[in-house]
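**Student:** Please see the structure below; I have some questions.
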Amino acid sequence: MQTPKSILLHLDGSERTTARIALARELAETFDAEVTGQPCTLSALVRYPFAVEAAAEAVAIMQEIDKAARDRMYATFMANRAGSQHLHWAEPESDGPLGFARRALYADLLVLGQRNGNDPAHGELPGDFLPSLLVQSGRPALVLPYAGPIGPVGRTVLVAWKETREAARAVTAALPWLRTATRVHAVAYGEDAQASLQSLQDYLRVQGVRNLELHPGGDDDADAGSKLLSFCADLSADLLVMGCYGHSRAREWVLGGATQSILESMTLPVLMSH
């Protein structure tokens, strides 16, 4: 994969938006890329549907709430992009996640944030925003944890390998980081872990990644998400690369066990692809 040249940055009212802007700015400078910062939240009328049935004044209040939130996001974005020619604000073409997913089709990489149920802004988006966005757009996403400092990304990388299209797409998206990382590790679980890691090593060698360390995780793949996060801590990894697994069922997004665990408990940036 070529280095990402078009990056779509998700903006909302959460406390972590500033950290996402800072990371996107770092990526823009590293890869000489263009970053589009676009707000995406559910409108107040969607979050408080009773207002539609109320008086016109209530609807007007909801619209003012949306405008005030948009103005705050714009001010935050402009303050943190000051001096950079790589970051650009974009008004959404349509409200909500569907409009954001449409713009994501024209991006090489998405910069998103982990959902924080304790953040007052967590209700601004549906709970399945992130996985559904990955499926609808088909684009890889760099997801930041909602807590902890974010330093340089991609010096020590752990690849969670599995012989699936999701993991293969994530590895392809990660190549710009893997080629320049100081240390690259790959771990796999299951009966064929050793053989699959060897095949991955052969592939990455052709791609210019020559400092790969292999870690067969054994036949037991239970609780893989917790194992991955523990291993990341042991390695002092600053980037985890993995596939995003899940499927839609009865209008509800059902995530795979490891994916769910990582999205709930991640402690470092995660590059994911569906």
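As shown in the structure tokens, the chain order sets the letters A, B, ...; within each chain, residues go from 1, and ligands are also counted from 1 in the order they appear.
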Give the helix (DSSP H, G or I) residues of stretch 210-265 of chain A, as DSSP finds them on the backbone, and put them as a list in words.
**Tutor:**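 Checking each residue of stretch 210-265 of chain A, the helix (DSSP H, G or I) ones are Ala224, Gly225, Ser226, Lys227, Leu228, Leu229, Ser230, Phe231, Cys232, Ala233, Asp234, Leu235, Gly257, Ala258, Thr259, Gln260, Ser261, Ile262, Leu263, Glu264 and Ser265 of chain A.
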**Student:** Fewer than 6 positions away in the same chain doesn't count, so skip those; otherwise give me all residues within 9 Å of A:His10, counting only C-alpha atoms, as a PyMOL selection string.
**Tutor:** chain A and resi 17+20-21+36-40+100+110-113
**Student:** Considering only C-alpha atoms, tabulate each residue of stretch 135-195 of chain A that lies at most 10 Å from stretch 226-246 of chain A along with its nearest interatomic pair and the corresponding distance in Å to one decimal; arrange the rows by chain and ascending residue number and present them as a Markdown table.
**Tutor:**
| residue | atom | partner | partner_atom | distance |
| --- | --- | --- | --- | --- |
| A:Val135 | CA | A:Cys244 | CA | 9.0 |
| A:Pro140 | CA | A:Gly243 | CA | 9.3 |
| A:Ala141 | CA | A:Cys244 | CA | 9.9 |
| A:Leu142 | CA | A:Val241 | CA | 9.2 |
| A:Val143 | CA | A:Leu239 | CA | 9.8 |
| A:Leu144 | CA | A:Leu239 | CA | 9.8 |
| A:Ile150 | CA | A:Asp238 | CA | 8.5 |
| A:Gly151 | CA | A:Asp238 | CA | 7.8 |
| A:Pro152 | CA | A:Asp238 | CA | 7.5 |
| A:Val153 | CA | A:Asp238 | CA | 5.5 |
| A:Gly154 | CA | A:Leu239 | CA | 5.6 |
| A:Arg155 | CA | A:Asp238 | CA | 6.7 |
| A:Thr156 | CA | A:Ala237 | CA | 4.8 |
| A:Val157 | CA | A:Leu239 | CA | 4.9 |
| A:Leu158 | CA | A:Leu240 | CA | 5.0 |
| A:Val159 | CA | A:Val241 | CA | 4.7 |
| A:Ala160 | CA | A:Met242 | CA | 5.1 |
| A:Trp161 | CA | A:Met242 | CA | 6.8 |
| A:Lys162 | CA | A:Gly243 | CA | 8.2 |
| A:Thr164 | CA | A:Gly243 | CA | 8.1 |
| A:Arg165 | CA | A:Gly243 | CA | 8.0 |
| A:Glu166 | CA | A:Gly243 | CA | 4.4 |
| A:Ala167 | CA | A:Gly243 | CA | 4.1 |
| A:Ala168 | CA | A:Gly243 | CA | 7.6 |
| A:Arg169 | CA | A:Gly243 | CA | 7.4 |
| A:Ala170 | CA | A:Gly243 | CA | 5.7 |
| A:Val171 | CA | A:Val241 | CA | 6.7 |
| A:Thr172 | CA | A:Val241 | CA | 9.9 |
| A:Ala173 | CA | A:Val241 | CA | 9.0 |
| A:Ala174 | CA | A:Val241 | CA | 7.0 |
| A:Trp177 | CA | A:Leu239 | CA | 9.1 |
| A:Leu178 | CA | A:Val241 | CA | 9.9 |
| A:Arg183 | CA | A:Ala237 | CA | 8.8 |
| A:Val184 | CA | A:Ala237 | CA | 9.0 |
| A:His185 | CA | A:Leu235 | CA | 8.7 |
| A:Ala186 | CA | A:Val241 | CA | 9.2 |
| A:Val187 | CA | A:Leu228 | CA | 8.4 |
| A:Ala188 | CA | A:Leu228 | CA | 9.7 |
**Student:** May I have the residues within 9 Å of A:Met78 as a PyMOL selection string, using only C-alpha atoms and disregarding those fewer than 6 positions away in the same chain?
**Tutor:** chain A and resi 87-89
**Student:** Excluding same-chain residues fewer than 5 positions from A:Ile65, what lies within 12 Å of it counting only C-alpha atoms, as JSON, numbers by chain?
**Tutor:** {"A": [13, 41, 42, 43, 44, 45, 47, 48, 58, 59, 60, 70, 71, 72, 124]}
**Student:** List the spatial neighbours of A:His122 as a count of residues only - criterion: any atom at most 12 Å away, only C-alpha atoms, same-chain residues fewer than 2 positions off excluded.
**Tutor:** 23
**Student:** Could you pull the residues within 8 Å of A:Arg25, counting only C-alpha atoms, minus those fewer than 6 positions along the same chain, as a ChimeraX atom specification?
**Tutor:** /A:35,81,84,86-87
**Student:** Next, dump the selected residues to file, keeping only N, CA and C atoms, as a short mmCIF file (atom, residue, chain, number, x, y, z; two decimals), in the first residue's frame.
**Tutor:**
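Wrote it out as selection_38.cif, contents follow:
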data_model
loop_
_atom_site.label_atom_id
_atom_site.label_comp_id
_atom_site.auth_asym_id
_atom_site.auth_seq_id
_atom_site.Cartn_x
_atom_site.Cartn_y
_atom_site.Cartn_z
N VAL A 35 -5.68 16.06 5.34
CA VAL A 35 -6.64 15.63 6.36
C VAL A 35 -7.92 16.44 6.24
N ARG A 81 -5.52 23.18 14.41
CA ARG A 81 -4.88 23.05 13.09
C ARG A 81 -4.03 24.27 12.76
N SER A 84 -1.03 24.72 10.12
CA SER A 84 -0.90 23.57 9.23
C SER A 84 -1.71 23.80 7.96
N HIS A 86 -2.21 21.27 5.95
CA HIS A 86 -2.67 19.92 5.58
C HIS A 86 -4.07 19.60 6.11
N LEU A 87 -4.56 20.37 7.09
CA LEU A 87 -5.83 20.07 7.71
C LEU A 87 -6.92 21.01 7.21
#
